[in-house]
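**Student:** I'm passing along work-v7.cif; it holds mmCIF, C-alpha atoms and all ligand atoms.
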data_start
loop_
_atom_site.label_atom_id
_atom_site.label_comp_id
_atom_site.auth_asym_id
_atom_site.auth_seq_id
_atom_site.Cartn_x
_atom_site.Cartn_y
_atom_site.Cartn_z
CA MET A 8 7.34 -0.92 16.23
CA ARG A 9 7.69 2.40 14.46
CA ILE A 10 6.08 3.06 11.09
CA LEU A 11 6.60 5.86 8.57
CA ILE A 12 3.69 7.02 6.38
CA VAL A 13 4.51 9.17 3.33
CA GLU A 14 1.20 10.25 1.82
CA ASP A 15 0.16 13.68 0.52
CA GLU A 16 -3.58 13.10 0.92
CA HIS A 17 -3.97 14.31 4.49
CA LYS A 18 -7.26 12.50 5.02
CA ILE A 19 -5.79 9.11 4.11
CA ALA A 20 -2.53 9.76 5.98
CA ASN A 21 -4.31 10.79 9.17
CA ALA A 22 -6.80 7.92 9.03
CA LEU A 23 -3.91 5.47 8.63
CA LYS A 24 -2.01 7.06 11.51
CA ARG A 25 -5.02 6.75 13.81
CA ALA A 26 -5.68 3.13 12.83
CA LEU A 27 -2.05 2.11 13.27
CA GLU A 28 -1.74 3.91 16.61
CA GLN A 29 -4.75 1.94 17.81
CA GLU A 30 -2.70 -1.16 17.07
CA SER A 31 0.10 0.21 19.31
CA TYR A 32 2.48 1.25 16.56
CA ALA A 33 4.44 4.51 16.84
CA VAL A 34 3.66 6.44 13.66
CA ASP A 35 5.34 9.35 11.86
CA VAL A 36 3.63 11.05 8.91
CA SER A 37 5.21 12.97 6.09
CA TYR A 38 2.99 14.76 3.54
CA ASP A 39 5.50 15.27 0.71
CA GLY A 40 8.18 13.42 -1.19
CA ASP A 41 11.19 15.41 -0.07
CA ASP A 42 10.43 15.35 3.64
CA GLY A 43 9.48 11.66 3.31
CA TYR A 44 12.73 10.95 1.50
CA ALA A 45 14.73 12.57 4.32
CA MET A 46 12.86 10.69 7.03
CA ALA A 47 12.97 7.31 5.28
CA THR A 48 16.72 7.53 4.78
CA THR A 49 17.73 8.87 8.19
CA GLU A 50 15.28 7.62 10.86
CA PRO A 51 15.06 3.98 11.97
CA TYR A 52 11.70 2.52 10.97
CA ASP A 53 10.36 -0.99 11.26
CA MET A 54 8.10 -0.48 8.24
CA ALA A 55 7.12 2.25 5.76
CA ILE A 56 3.89 2.92 3.87
CA ILE A 57 4.73 5.13 0.89
CA ASP A 58 2.39 6.65 -1.67
CA ARG A 59 3.64 6.47 -5.22
CA MET A 60 2.67 9.94 -6.49
CA LEU A 61 3.95 12.68 -4.18
CA PRO A 62 4.54 16.41 -4.42
CA GLY A 63 8.22 17.40 -4.34
CA GLU A 64 11.24 16.16 -6.24
CA HIS A 65 11.03 12.59 -4.97
CA ASN A 66 8.13 10.27 -5.75
CA GLY A 67 7.43 7.04 -3.87
CA ILE A 68 9.55 4.91 -6.19
CA ASP A 69 12.52 7.29 -5.78
CA ILE A 70 12.25 6.98 -2.00
CA VAL A 71 12.20 3.18 -2.05
CA LYS A 72 15.15 3.08 -4.48
CA ALA A 73 17.15 5.46 -2.30
CA MET A 74 16.41 3.34 0.79
CA ARG A 75 17.59 0.18 -0.92
CA GLU A 76 20.71 1.89 -2.31
CA ALA A 77 21.50 3.01 1.25
CA LYS A 78 21.10 -0.63 2.37
CA ILE A 79 18.02 0.19 4.41
CA HIS A 80 15.95 -2.99 4.31
CA THR A 81 12.85 -1.67 6.09
CA PRO A 82 9.79 -3.40 4.60
CA VAL A 83 7.87 -1.02 2.31
CA LEU A 84 4.23 -1.09 1.26
CA LEU A 85 3.66 1.14 -1.78
CA LEU A 86 0.27 2.80 -2.27
CA THR A 87 -1.00 3.92 -5.61
CA ALA A 88 -4.09 5.14 -7.40
CA LEU A 89 -2.95 3.39 -10.57
CA GLY A 90 -3.71 -0.29 -10.94
CA SER A 91 -2.07 -1.57 -14.11
CA THR A 92 0.19 -4.62 -14.06
CA SER A 93 3.20 -2.71 -15.43
CA ASP A 94 2.81 -0.17 -12.66
CA LYS A 95 2.78 -2.89 -10.07
CA THR A 96 5.91 -4.48 -11.56
CA LYS A 97 7.68 -1.13 -11.55
CA GLY A 98 6.78 -0.63 -7.91
CA LEU A 99 8.05 -4.03 -6.85
CA ASP A 100 11.17 -3.69 -9.02
CA SER A 101 12.10 -0.55 -7.10
CA GLY A 102 12.50 -2.67 -3.99
CA ALA A 103 9.05 -2.34 -2.40
CA ASP A 104 7.85 -5.49 -0.63
CA ASP A 105 4.15 -5.11 -1.32
CA TYR A 106 1.76 -2.95 -3.29
CA LEU A 107 -1.77 -1.79 -2.55
CA VAL A 108 -4.11 -0.03 -4.98
CA LYS A 109 -6.36 2.81 -3.79
CA PRO A 110 -9.08 2.81 -2.72
CA PHE A 111 -8.42 0.00 -0.27
CA ALA A 112 -10.19 -1.28 2.82
CA LEU A 113 -8.43 -0.30 6.03
CA GLU A 114 -8.58 -3.92 7.23
CA GLU A 115 -6.71 -5.01 4.11
CA LEU A 116 -3.98 -2.46 4.74
CA LEU A 117 -3.64 -3.46 8.40
CA ALA A 118 -3.33 -7.13 7.40
CA ARG A 119 -0.55 -6.28 4.93
CA VAL A 120 1.25 -4.19 7.56
CA ARG A 121 1.12 -7.06 10.04
CA ALA A 122 2.51 -9.45 7.45
CA LEU A 123 5.37 -7.11 6.55
CA VAL A 124 6.32 -6.20 10.10
CA ARG A 125 6.31 -9.87 10.99
CA ARG A 126 8.49 -10.89 8.08
CA PRO A 127 12.00 -10.45 9.55
CA THR A 128 11.46 -12.58 12.63
CA GLU A 129 10.51 -16.17 13.22
CA VAL A 130 6.99 -16.00 14.51
CA HIS A 131 4.52 -18.78 14.99
CA GLY A 132 1.30 -17.45 13.55
CA THR A 133 0.36 -14.22 15.25
CA THR A 134 1.82 -14.96 18.65
CA LEU A 135 5.14 -13.76 20.02
CA GLN A 136 6.44 -15.72 22.96
CA VAL A 137 9.17 -15.74 25.60
CA GLY A 138 9.05 -18.40 28.29
CA ASP A 139 5.44 -18.63 29.50
CA LEU A 140 4.61 -15.09 28.33
CA SER A 141 2.76 -14.64 25.04
CA LEU A 142 1.53 -11.65 23.07
CA ASN A 143 -0.99 -11.87 20.24
CA THR A 144 -0.44 -9.23 17.55
CA VAL A 145 -3.95 -9.55 16.11
CA ASP A 146 -6.29 -9.53 19.11
CA PHE A 147 -3.75 -7.67 21.33
CA SER A 148 -4.07 -10.11 24.19
CA VAL A 149 -1.15 -10.74 26.55
CA LYS A 150 -0.89 -13.77 28.78
CA ARG A 151 1.60 -15.13 31.26
CA ALA A 152 1.04 -18.76 32.26
CA ASP A 153 -2.78 -18.81 32.47
CA THR A 154 -3.18 -15.21 33.56
CA ASP A 155 -4.53 -12.52 31.22
CA ILE A 156 -2.54 -9.30 31.46
CA GLN A 157 -3.99 -5.88 30.58
CA LEU A 158 -1.47 -3.48 29.07
CA THR A 159 -1.82 0.12 27.91
CA SER A 160 -1.06 0.83 24.26
CA LYS A 161 2.50 2.03 25.00
CA GLU A 162 3.25 -0.89 27.33
CA PHE A 163 2.04 -3.22 24.59
CA GLY A 164 4.25 -1.47 22.00
CA LEU A 165 7.25 -1.72 24.30
CA LEU A 166 6.68 -5.40 25.05
CA GLU A 167 6.13 -6.20 21.38
CA TYR A 168 9.41 -4.54 20.43
CA LEU A 169 11.33 -6.36 23.18
CA LEU A 170 9.71 -9.67 22.17
CA ARG A 171 10.76 -9.22 18.55
CA ASN A 172 14.31 -8.63 19.77
CA GLN A 173 14.35 -11.10 22.62
CA GLY A 174 17.66 -12.46 23.86
CA ARG A 175 19.47 -9.30 22.70
CA PRO A 176 20.40 -6.34 24.90
CA ILE A 177 18.50 -3.29 23.59
CA SER A 178 19.63 0.22 24.47
CA LYS A 179 17.23 2.83 25.80
CA ASP A 180 17.88 4.99 22.73
CA THR A 181 16.96 2.13 20.41
CA ILE A 182 13.77 1.55 22.38
CA ILE A 183 12.89 5.26 22.09
CA ALA A 184 13.52 5.20 18.34
CA HIS A 185 11.26 2.19 17.73
CA VAL A 186 8.49 2.59 20.29
CA TRP A 187 7.85 6.35 20.23
CA ASP A 188 7.17 8.60 17.25
CA TYR A 189 9.17 11.64 16.15
CA ASP A 190 6.94 14.14 17.92
CA ALA A 191 7.17 12.43 21.28
CA ASP A 192 9.77 14.15 23.45
CA ILE A 193 11.10 11.12 25.25
CA LEU A 194 14.06 10.92 27.60
CA PRO A 195 15.84 7.73 28.67
CA ASN A 196 14.23 7.94 32.11
CA THR A 197 10.78 7.83 30.47
CA VAL A 198 11.78 4.41 29.16
CA GLU A 199 12.73 3.44 32.72
CA VAL A 200 9.27 4.49 33.90
CA TYR A 201 7.52 2.38 31.23
CA VAL A 202 9.77 -0.59 31.92
CA LYS A 203 8.74 -0.31 35.57
CA TYR A 204 5.04 -0.30 34.61
CA LEU A 205 5.60 -3.30 32.38
CA ARG A 206 7.56 -5.22 35.01
CA ASN A 207 4.80 -4.65 37.56
CA LYS A 208 2.43 -6.45 35.20
CA ILE A 209 4.49 -9.15 33.49
CA ASP A 210 7.13 -9.98 36.11
CA ALA A 211 6.15 -8.89 39.62
CA PRO A 212 3.26 -11.38 40.10
CA PHE A 213 5.38 -14.29 38.83
CA LYS A 214 8.39 -16.20 40.12
CA LYS A 215 10.82 -15.86 37.26
CA PRO A 216 11.69 -12.40 35.87
CA LEU A 217 11.78 -12.12 32.07
CA LEU A 218 12.68 -8.45 31.64
CA HIS A 219 16.29 -7.95 32.68
CA THR A 220 18.29 -4.73 33.14
CA VAL A 221 21.58 -4.48 31.29
CA ARG A 222 23.49 -2.04 33.48
CA GLY A 223 24.41 1.28 31.91
CA PHE A 224 22.85 0.24 28.59
CA GLY A 225 19.27 -0.90 28.52
CA TYR A 226 17.20 -4.05 28.76
CA LYS A 227 16.97 -7.62 27.61
CA LEU A 228 13.91 -9.86 27.45
CA GLN A 229 14.87 -13.46 28.06
CA ALA A 230 13.38 -16.58 29.65
CA CA B 1 -0.43 11.03 -3.81
#
The structure given in the file should be rewritten as structure tokens.

**Tutor:**
Amino acid sequence: MRILIVEDEHKIANALKRALEQESYAVDVSYDGDDGYAMATTEPYDMAIIDRMLPGEHNGIDIVKAMREAKIHTPVLLLTALGSTSDKTKGLDSGADDYLVKPFALEELLARVRALVRRPTEVHGTTLQVGDLSLNTVDFSVKRADTDIQLTSKEFGLLEYLLRNQGRPISKDTIIAHVWDYDADILPNTVEVYVKYLRNKIDAPFKKPLLHTVRGFGYKLQA
């Protein structure tokens, strides 16, 4: 899952990026309103964390409004230093899904992110499942049947994305866009390499394959 952070306070932006990357998200950071505006309206994100007050011509509210006008329904968490009720209403009226007042505890932010990323799909609690394979998005454990499976951060990110889109063929380009950040120079055959790593762990030791190749296109996770 790929997340956009638009926040001009470098310290906060970088701390958020690190924390989210530890949870296996791909993260892009923009430090001003105009750059953030361009990224939010052109790149495919699964969630965006946007500060309200930003340098440049576009503030956080402008960015959310522009996203919604462009029919981009990416969940947005707005950050702000202001805490009044009218401010909160204005933020949510712009089309943001949630609102967090600074200073906040990192754990609180991570919990909100999990809730927002989870929103579009039917998920039972914090576990994503296909067949006898399950992935827990809070403690990062992966299990098939009764076997614990250890994945690297990228393998986990890839599996989580496929699980959230299970039953649908997903192209390699779509996988790149949602599992790797903007700075990562990824080619389709890098995806093939990671799929191979993942298959060795989730499919090879078991009878029934779950991760299927869709020839000339990409992959599909299905029981
Ligand atoms: Ca700011």

**Student:** Compute the set of protein, DNA and RNA residues whose minimum atom distance to ligand CA 1 (chain B) is at most 7 Å, using all atoms listed in the file, and state it as a list of chain:residue names.

**Tutor:**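 What falls inside 7 Å of ligand CA 1 (chain B) is A:Glu14, A:Asp15, A:Glu16, A:Asp58, A:Arg59, A:Met60, A:Leu61.
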
**Student:** Quick one: pull the distance between CA of Leu84 in chain A and CA of Val137 in chain A, Å, one decimal.

**Tutor:**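 Between CA of Leu84 in chain A and CA of Val137 in chain A the gap works out to 28.8 Å.
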
**Student:** Any idea what's packed within 6 Å of range 143-157 of chain A, counting all atoms listed in the file, ignoring anything in its chain fewer than 4 positions away? Could you give it as a list in words?

**Tutor:**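 With the cut-off at 6 Å, the set is Thr133, Thr134 and Asp139 of chain A.
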
**Student:** Would you give me, as JSON lines, each residue of range 113-191 of chain A having an atom within 12 Å of an atom of range 195-206 of chain A, along with its shortest atom pair and that distance in Å to one decimal, using all atoms listed in the file and sorting by chain and residue number?

**Tutor:**
{"residue": "A:Val149", "atom": "CA", "partner": "A:Leu205", "partner_atom": "CA", "distance": 11.6}
{"residue": "A:Ile156", "atom": "CA", "partner": "A:Leu205", "partner_atom": "CA", "distance": 10.2}
{"residue": "A:Gln157", "atom": "CA", "partner": "A:Leu205", "partner_atom": "CA", "distance": 10.1}
{"residue": "A:Leu158", "atom": "CA", "partner": "A:Leu205", "partner_atom": "CA", "distance": 7.8}
{"residue": "A:Thr159", "atom": "CA", "partner": "A:Leu205", "partner_atom": "CA", "distance": 9.3}
{"residue": "A:Ser160", "atom": "CA", "partner": "A:Tyr201", "partner_atom": "CA", "distance": 11.2}
{"residue": "A:Lys161", "atom": "CA", "partner": "A:Tyr201", "partner_atom": "CA", "distance": 8.0}
{"residue": "A:Glu162", "atom": "CA", "partner": "A:Leu205", "partner_atom": "CA", "distance": 6.1}
{"residue": "A:Phe163", "atom": "CA", "partner": "A:Leu205", "partner_atom": "CA", "distance": 8.6}
{"residue": "A:Gly164", "atom": "CA", "partner": "A:Tyr201", "partner_atom": "CA", "distance": 10.5}
{"residue": "A:Leu165", "atom": "CA", "partner": "A:Tyr201", "partner_atom": "CA", "distance": 8.1}
{"residue": "A:Leu166", "atom": "CA", "partner": "A:Leu205", "partner_atom": "CA", "distance": 7.7}
{"residue": "A:Glu167", "atom": "CA", "partner": "A:Leu205", "partner_atom": "CA", "distance": 11.4}
{"residue": "A:Leu169", "atom": "CA", "partner": "A:Val202", "partner_atom": "CA", "distance": 10.6}
{"residue": "A:Ile177", "atom": "CA", "partner": "A:Val198", "partner_atom": "CA", "distance": 11.6}
{"residue": "A:Ser178", "atom": "CA", "partner": "A:Pro195", "partner_atom": "CA", "distance": 9.4}
{"residue": "A:Lys179", "atom": "CA", "partner": "A:Pro195", "partner_atom": "CA", "distance": 5.8}
{"residue": "A:Asp180", "atom": "CA", "partner": "A:Pro195", "partner_atom": "CA", "distance": 6.9}
{"residue": "A:Thr181", "atom": "CA", "partner": "A:Pro195", "partner_atom": "CA", "distance": 10.0}
{"residue": "A:Ile182", "atom": "CA", "partner": "A:Val198", "partner_atom": "CA", "distance": 7.6}
{"residue": "A:Ile183", "atom": "CA", "partner": "A:Val198", "partner_atom": "CA", "distance": 7.2}
{"residue": "A:Ala184", "atom": "CA", "partner": "A:Pro195", "partner_atom": "CA", "distance": 10.9}
{"residue": "A:His185", "atom": "CA", "partner": "A:Val198", "partner_atom": "CA", "distance": 11.7}
{"residue": "A:Val186", "atom": "CA", "partner": "A:Val198", "partner_atom": "CA", "distance": 9.6}
{"residue": "A:Trp187", "atom": "CA", "partner": "A:Val198", "partner_atom": "CA", "distance": 9.9}
{"residue": "A:Ala191", "atom": "CA", "partner": "A:Thr197", "partner_atom": "CA", "distance": 10.9}

**Student:** Which residues are close to Gly63 in chain A, i.e. within 10 Å by all atoms listed in the file, leaving aside same-chain residues fewer than 4 positions away? Reply as an mmCIF file with C-alpha atoms, keeping the file's coordinate frame.

**Tutor:**
data_model
loop_
_atom_site.group_PDB
_atom_site.id
_atom_site.type_symbol
_atom_site.label_atom_id
_atom_site.label_comp_id
_atom_site.auth_asym_id
_atom_site.auth_seq_id
_atom_site.Cartn_x
_atom_site.Cartn_y
_atom_site.Cartn_z
ATOM 1 C CA TYR A 38 2.990 14.760 3.540
ATOM 2 C CA ASP A 39 5.500 15.270 0.710
ATOM 3 C CA GLY A 40 8.180 13.420 -1.190
ATOM 4 C CA ASP A 41 11.190 15.410 -0.070
ATOM 5 C CA ASP A 42 10.430 15.350 3.640
ATOM 6 C CA GLY A 43 9.480 11.660 3.310
ATOM 7 C CA TYR A 44 12.730 10.950 1.500
#

**Student:** Measuring atom to atom with all atoms listed in the file, identify which of A:Ile68, A:Val34, A:Ala112, A:Leu217 is nearest to Asp190 in chain A.

**Tutor:**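 Answer, going by the shortest atom-to-atom distance: A:Val34.
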
**Student:** Could you check the closest approach to Val13 in chain A for each of A:Ile57, A:Ile193, A:Ala26, A:Thr48 and tell me which residue wins, using all atoms listed in the file?

**Tutor:**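 Going through A:Ile57, A:Ile193, A:Ala26, A:Thr48 one by one, the smallest distance to Val13 in chain A is for A:Ile57.
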
**Student:** Check the smallest atom-to-atom distance from each of A:Ala122, A:Val108, A:Ile12, A:Leu218 to Ala88 in chain A using only C-alpha atoms, then report the winner.

**Tutor:** A:Val108

**Student:** Please compute the CA of Pro110 in chain A-CA of Thr87 in chain A distance, one decimal, in Å.

**Tutor:** 8.7 Å

**Student:** Can you tell me how far CA of Thr81 in chain A sits from CA of Leu135 in chain A, in Å to one decimal?

**Tutor:** 20.0 Å

**Student:** List the neighbours of Asp188 in chain A out to 7 Å using all atoms listed in the file; skip same-chain residues closer than 6 positions along the sequence, and give me the result as a list in words.

**Tutor:** Arg9, Ala33, Val34 and Asp35 of chain A

**Student:** Restricting the calculation to all atoms listed in the file, which member of A:Leu27, A:Leu142, A:Ile209, A:Leu86 is positioned closest to Arg171 in chain A?

**Tutor:**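 Of A:Leu27, A:Leu142, A:Ile209, A:Leu86, the one nearest Arg171 in chain A, counting all atoms listed in the file, is A:Leu142.
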
**Student:** Which residue, A:Ile56, A:Pro62, A:Asp100, A:Asn207, has the smallest gap to Arg75 in chain A when you use all atoms listed in the file?

**Tutor:**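 For Arg75 in chain A, the nearest of the given residues is A:Asp100.
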
**Student:** Pick out the closest residue to His80 in chain A from this set: A:Leu99, A:Leu194, A:Leu116, A:Ala55. Count all atoms listed in the file.

**Tutor:**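 Among the listed residues, A:Ala55 lies closest to His80 in chain A.
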
**Student:** Could all heavy atoms be built for range 29-40 of chain A and written out as a JSON list (two decimals), in the frame of the given file?

**Tutor:**
[["chain", "number", "residue", "atom", "x", "y", "z"],
["A", 29, "GLN", "N", -3.85, 2.80, 17.02],
["A", 29, "GLN", "CA", -4.75, 1.94, 17.81],
["A", 29, "GLN", "C", -4.19, 0.54, 17.94],
["A", 29, "GLN", "O", -4.55, -0.19, 18.85],
["A", 29, "GLN", "CB", -6.13, 1.89, 17.15],
["A", 29, "GLN", "CG", -6.98, 3.06, 17.57],
["A", 29, "GLN", "CD", -8.40, 2.94, 17.05],
["A", 29, "GLN", "OE1", -8.70, 2.10, 16.22],
["A", 29, "GLN", "NE2", -9.27, 3.80, 17.54],
["A", 30, "GLU", "N", -3.33, 0.15, 16.99],
["A", 30, "GLU", "CA", -2.70, -1.16, 17.07],
["A", 30, "GLU", "C", -1.33, -1.09, 17.76],
["A", 30, "GLU", "O", -0.50, -1.97, 17.61],
["A", 30, "GLU", "CB", -2.57, -1.75, 15.66],
["A", 30, "GLU", "CG", -3.93, -1.90, 15.00],
["A", 30, "GLU", "CD", -4.08, -3.16, 14.15],
["A", 30, "GLU", "OE1", -3.07, -3.75, 13.79],
["A", 30, "GLU", "OE2", -5.23, -3.54, 13.89],
["A", 31, "SER", "N", -1.10, 0.02, 18.49],
["A", 31, "SER", "CA", 0.10, 0.21, 19.31],
["A", 31, "SER", "C", 1.38, 0.47, 18.55],
["A", 31, "SER", "O", 2.47, 0.32, 19.09],
["A", 31, "SER", "CB", 0.32, -0.98, 20.25],
["A", 31, "SER", "OG", -0.76, -1.11, 21.12],
["A", 32, "TYR", "N", 1.28, 0.86, 17.28],
["A", 32, "TYR", "CA", 2.48, 1.25, 16.56],
["A", 32, "TYR", "C", 2.77, 2.72, 16.84],
["A", 32, "TYR", "O", 1.85, 3.51, 17.06],
["A", 32, "TYR", "CB", 2.30, 1.10, 15.04],
["A", 32, "TYR", "CG", 2.07, -0.31, 14.56],
["A", 32, "TYR", "CD1", 0.82, -0.73, 14.11],
["A", 32, "TYR", "CD2", 3.12, -1.23, 14.53],
["A", 32, "TYR", "CE1", 0.61, -2.02, 13.65],
["A", 32, "TYR", "CE2", 2.91, -2.52, 14.07],
["A", 32, "TYR", "CZ", 1.66, -2.91, 13.64],
["A", 32, "TYR", "OH", 1.46, -4.19, 13.18],
["A", 33, "ALA", "N", 4.06, 3.09, 16.84],
["A", 33, "ALA", "CA", 4.44, 4.51, 16.84],
["A", 33, "ALA", "C", 4.46, 4.93, 15.38],
["A", 33, "ALA", "O", 5.00, 4.22, 14.55],
["A", 33, "ALA", "CB", 5.82, 4.68, 17.47],
["A", 34, "VAL", "N", 3.83, 6.08, 15.06],
["A", 34, "VAL", "CA", 3.66, 6.44, 13.66],
["A", 34, "VAL", "C", 4.11, 7.87, 13.37],
["A", 34, "VAL", "O", 3.69, 8.81, 14.04],
["A", 34, "VAL", "CB", 2.17, 6.31, 13.24],
["A", 34, "VAL", "CG1", 2.00, 6.60, 11.75],
["A", 34, "VAL", "CG2", 1.63, 4.91, 13.57],
["A", 35, "ASP", "N", 4.97, 8.03, 12.36],
["A", 35, "ASP", "CA", 5.34, 9.35, 11.86],
["A", 35, "ASP", "C", 4.71, 9.53, 10.50],
["A", 35, "ASP", "O", 4.68, 8.60, 9.70],
["A", 35, "ASP", "CB", 6.87, 9.46, 11.69],
["A", 35, "ASP", "CG", 7.58, 9.50, 13.02],
["A", 35, "ASP", "OD1", 6.95, 9.84, 14.03],
["A", 35, "ASP", "OD2", 8.79, 9.19, 13.06],
["A", 36, "VAL", "N", 4.24, 10.77, 10.22],
["A", 36, "VAL", "CA", 3.63, 11.05, 8.91],
["A", 36, "VAL", "C", 4.40, 12.15, 8.21],
["A", 36, "VAL", "O", 4.78, 13.15, 8.81],
["A", 36, "VAL", "CB", 2.15, 11.49, 9.07],
["A", 36, "VAL", "CG1", 1.57, 11.83, 7.70],
["A", 36, "VAL", "CG2", 1.33, 10.39, 9.73],
["A", 37, "SER", "N", 4.64, 11.94, 6.92],
["A", 37, "SER", "CA", 5.21, 12.97, 6.09],
["A", 37, "SER", "C", 4.25, 13.19, 4.92],
["A", 37, "SER", "O", 3.74, 12.23, 4.36],
["A", 37, "SER", "CB", 6.58, 12.53, 5.60],
["A", 37, "SER", "OG", 6.96, 13.34, 4.52],
["A", 38, "TYR", "N", 4.00, 14.47, 4.57],
["A", 38, "TYR", "CA", 2.99, 14.76, 3.54],
["A", 38, "TYR", "C", 3.60, 15.10, 2.18],
["A", 38, "TYR", "O", 2.89, 15.46, 1.26],
["A", 38, "TYR", "CB", 2.09, 15.91, 3.99],
["A", 38, "TYR", "CG", 1.33, 15.62, 5.28],
["A", 38, "TYR", "CD1", 1.69, 16.23, 6.46],
["A", 38, "TYR", "CD2", 0.26, 14.72, 5.28],
["A", 38, "TYR", "CE1", 1.01, 15.97, 7.64],
["A", 38, "TYR", "CE2", -0.44, 14.45, 6.45],
["A", 38, "TYR", "CZ", -0.05, 15.08, 7.64],
["A", 38, "TYR", "OH", -0.72, 14.82, 8.80],
["A", 39, "ASP", "N", 4.94, 15.05, 2.06],
["A", 39, "ASP", "CA", 5.50, 15.27, 0.71],
["A", 39, "ASP", "C", 6.74, 14.42, 0.49],
["A", 39, "ASP", "O", 7.32, 13.86, 1.41],
["A", 39, "ASP", "CB", 5.78, 16.76, 0.46],
["A", 39, "ASP", "CG", 6.99, 17.26, 1.21],
["A", 39, "ASP", "OD1", 8.12, 16.92, 0.80],
["A", 39, "ASP", "OD2", 6.81, 17.99, 2.22],
["A", 40, "GLY", "N", 7.12, 14.33, -0.77],
["A", 40, "GLY", "CA", 8.18, 13.42, -1.19],
["A", 40, "GLY", "C", 9.55, 13.76, -0.62],
["A", 40, "GLY", "O", 10.32, 12.86, -0.28]]
